[in-house]
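Please read the structure below before turning to the comments.
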Amino acid sequence: MRTSRRLLISALTVIVLTVAAVPLLNLTVYTPARAAEAYISAVEHGDAQGAFSYLSAPTPSSTLALSDDVLSAAPDLPRDPEAETVSVDGDHAKVRLSFNLSSQEQTVDLDMVRLPASAGLFNRWAIEQENWPTLTLDVSGSSTATVNGYGVSTGSVPVLFPASYLVGFDATYLKSRSQRTEVTAPGDSPTVKLSPQPTAKLEQTVEEQVTDHLQDCMKSKTLMPAGCVFGYDTDNEIIGDVSWSLERSPQIGLTSSGNDLELTPSTVEVRVKGRYRDIVTAAEHDFDEKLSFVLGGSVVVRSSQVSFEPRRLGDVSIA
């Protein structure tokens with residue numbers, strides 16, 4: 001009985017001392033400034049889940065760029081946080097937070113909100129924000145991109161602040177140089193615009209399509225092959241079928257202009273053979289003509305599909 005009584009008295013003493021200490025701890029330890037510093041510390045150590053607990057906004061539906069892996073792979077993360085509670089008004093507070101990012105001292109003013117107390121006693125403060133900071137990814141020719149090396153969908157991508165992010169894309173047919181951008185405050189939403197550059201695989205695919213297109217044209221037995229950008233015009237009467245052959249293939253290259261991909265103009269030579277009847281004398285003759293023209297065209301990449309639309313640049317000439 002004495003032992004039980006002593007344990008009960010000890011427990012009650014601890015409770016009384018704890019309750020008595022709560023106001024002091026809430027004033028010195030569980031403060032808005034400490035919460036802001038704890039948030040920065042979580043970001044610094046790549047602990048995305050830990051950082052979430054110091055943010056008041058609900059977690060976005062898309063969290064592809066909000067993982068520990070993406071955060072840990074950032075080119076730079078904040079260091080040396082120092083926060084000062086500027087004012088407290090009921091369940092709201094203002095904090096001035098300083099930190100170092102990319103060798104630059106940054107200062108941001110934060111609105112803080114008091115959350116339900118931990119264990120019903122200790123204050124819990126979180127950074128108040130209406131929306132998550134985002135990276136707006138404007139990537140021509142691709143529906144995906146990479147943030148710090150990890151794949152995300154393009155558009156508006158929620159991220160954590162403050163941090164540096166490396167944005168790019170390297171798909172099968174298109175790629176871009178990575179661009180570095182920084183998000184330093186809750187309301188930041190920088191736009192990263194990436195322009196497509198063709199990969200070696202895309203050039204190979206376009207070359208195959210151009211070759212197939214020209215080979216199909218060579219199978220034609222008429223002077224004006226259907227769907228082709230060249231032909232042979234004459235006033236004489238053609239007797240029977242004609243035959244085409246490819247004498248000089250184009251040199252395949254791709255250039256980008258804004259959001260468009262174009263086939264680099266290149267000279268093509270073809271030969272057409274057949275027999276004709278002169279419309280004046282009615283005499284019959286064989287003909288063998290070599291034609292040259294400049295081939296261009298547009299290239300469109302949609303998802304994993306590549307299409308080539310040929311275009312003739314300039315008039316066909318007889319070589």
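Just so we're on the same page: first chain in the structure tokens is A, next is B, and so on; residues restart at 1 for each chain, and ligands are numbered from 1 in the order they show up.
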Stretch 74-261 of chain A: which residues are strand (DSSP E or B) by DSSP, as a PyMOL selection string? chain A and resi 79-89+92-101+104-118+122-127+134-139+144-147+150-153+155-158+163-168+170+174-175+179-183+191-194+197-198+237-248+254-257+260-261
So, counting only C-alpha atoms, which residue among A:Gly227, A:Pro190, A:Gly155, A:Gly149 is closest to A:Leu214? A:Gly227
Contact check, stretch 171-253 of chain A to stretch 267-271 of chain A, at most 12 Å, counting only C-alpha atoms, closest pairs as a Markdown table:
| residue | atom | partner | partner_atom | distance |
| --- | --- | --- | --- | --- |
| A:Val210 | CA | A:Val268 | CA | 11.2 |
| A:Thr211 | CA | A:Val268 | CA | 11.3 |
| A:Leu214 | CA | A:Val270 | CA | 9.5 |
| A:Gln215 | CA | A:Val270 | CA | 10.8 |
| A:Cys217 | CA | A:Val270 | CA | 10.1 |
| A:Met218 | CA | A:Val270 | CA | 8.6 |
| A:Leu223 | CA | A:Arg271 | CA | 11.0 |
| A:Val229 | CA | A:Val268 | CA | 11.0 |
| A:Phe230 | CA | A:Val270 | CA | 9.1 |
| A:Gly231 | CA | A:Val270 | CA | 9.6 |
| A:Tyr232 | CA | A:Arg271 | CA | 9.8 |
| A:Val242 | CA | A:Arg271 | CA | 10.3 |
| A:Ser243 | CA | A:Arg271 | CA | 8.1 |
| A:Trp244 | CA | A:Arg271 | CA | 5.5 |
| A:Ser245 | CA | A:Arg271 | CA | 5.2 |
| A:Leu246 | CA | A:Val270 | CA | 4.6 |
| A:Glu247 | CA | A:Val270 | CA | 5.1 |
| A:Arg248 | CA | A:Glu269 | CA | 4.7 |
| A:Ser249 | CA | A:Val268 | CA | 5.5 |
| A:Pro250 | CA | A:Val268 | CA | 5.3 |
| A:Gln251 | CA | A:Thr267 | CA | 7.8 |
| A:Ile252 | CA | A:Thr267 | CA | 10.3 |
Got a sec: who's within 9 Å of A:Ser67, counting only C-alpha atoms, leaving out chain neighbours fewer than 6 positions off, as a count of residues only? 4
Between A:Val43, A:Val183, A:Cys228, A:Val306, single out the one closest to A:Asp69, counting only C-alpha atoms.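 Result for the nearest residue to A:Asp69: A:Val43.
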Find the residues near A:Ala33: any atom within 10 Å, counting only C-alpha atoms, skip ones fewer than 6 places away on the same chain, and give them as a list of chain:residue names.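 Contacts, with the query itself left out: A:Tyr39, A:Glu82, A:Ala83, A:Glu84, A:Thr85, A:Val86, A:Ala93, A:Lys94, A:Val95, A:Arg96, A:Leu97, A:Leu110, A:Met112, A:Trp125, A:Ala126.
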If I take atom CA of A:Arg312 and atom CA of A:Pro198, how far is one from the other in Å, to one decimal?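 We find that atom CA of A:Arg312 and atom CA of A:Pro198 lie 21.8 Å from each other.
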Need to verify the contact set: stretch 191-193 of chain A, 12 Å, only C-alpha atoms, exclusion of same-chain residues closer than 4 positions in sequence. Can you return it as a PyMOL selection string? chain A and resi 133-142+145-147+154-157+165-169+176-183+258-259
Nearest to A:Thr199: which of A:Val301, A:Val113, A:Leu101, A:Ser266 is it, counting only C-alpha atoms?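 Under the stated criterion, the closest residue is A:Val301.
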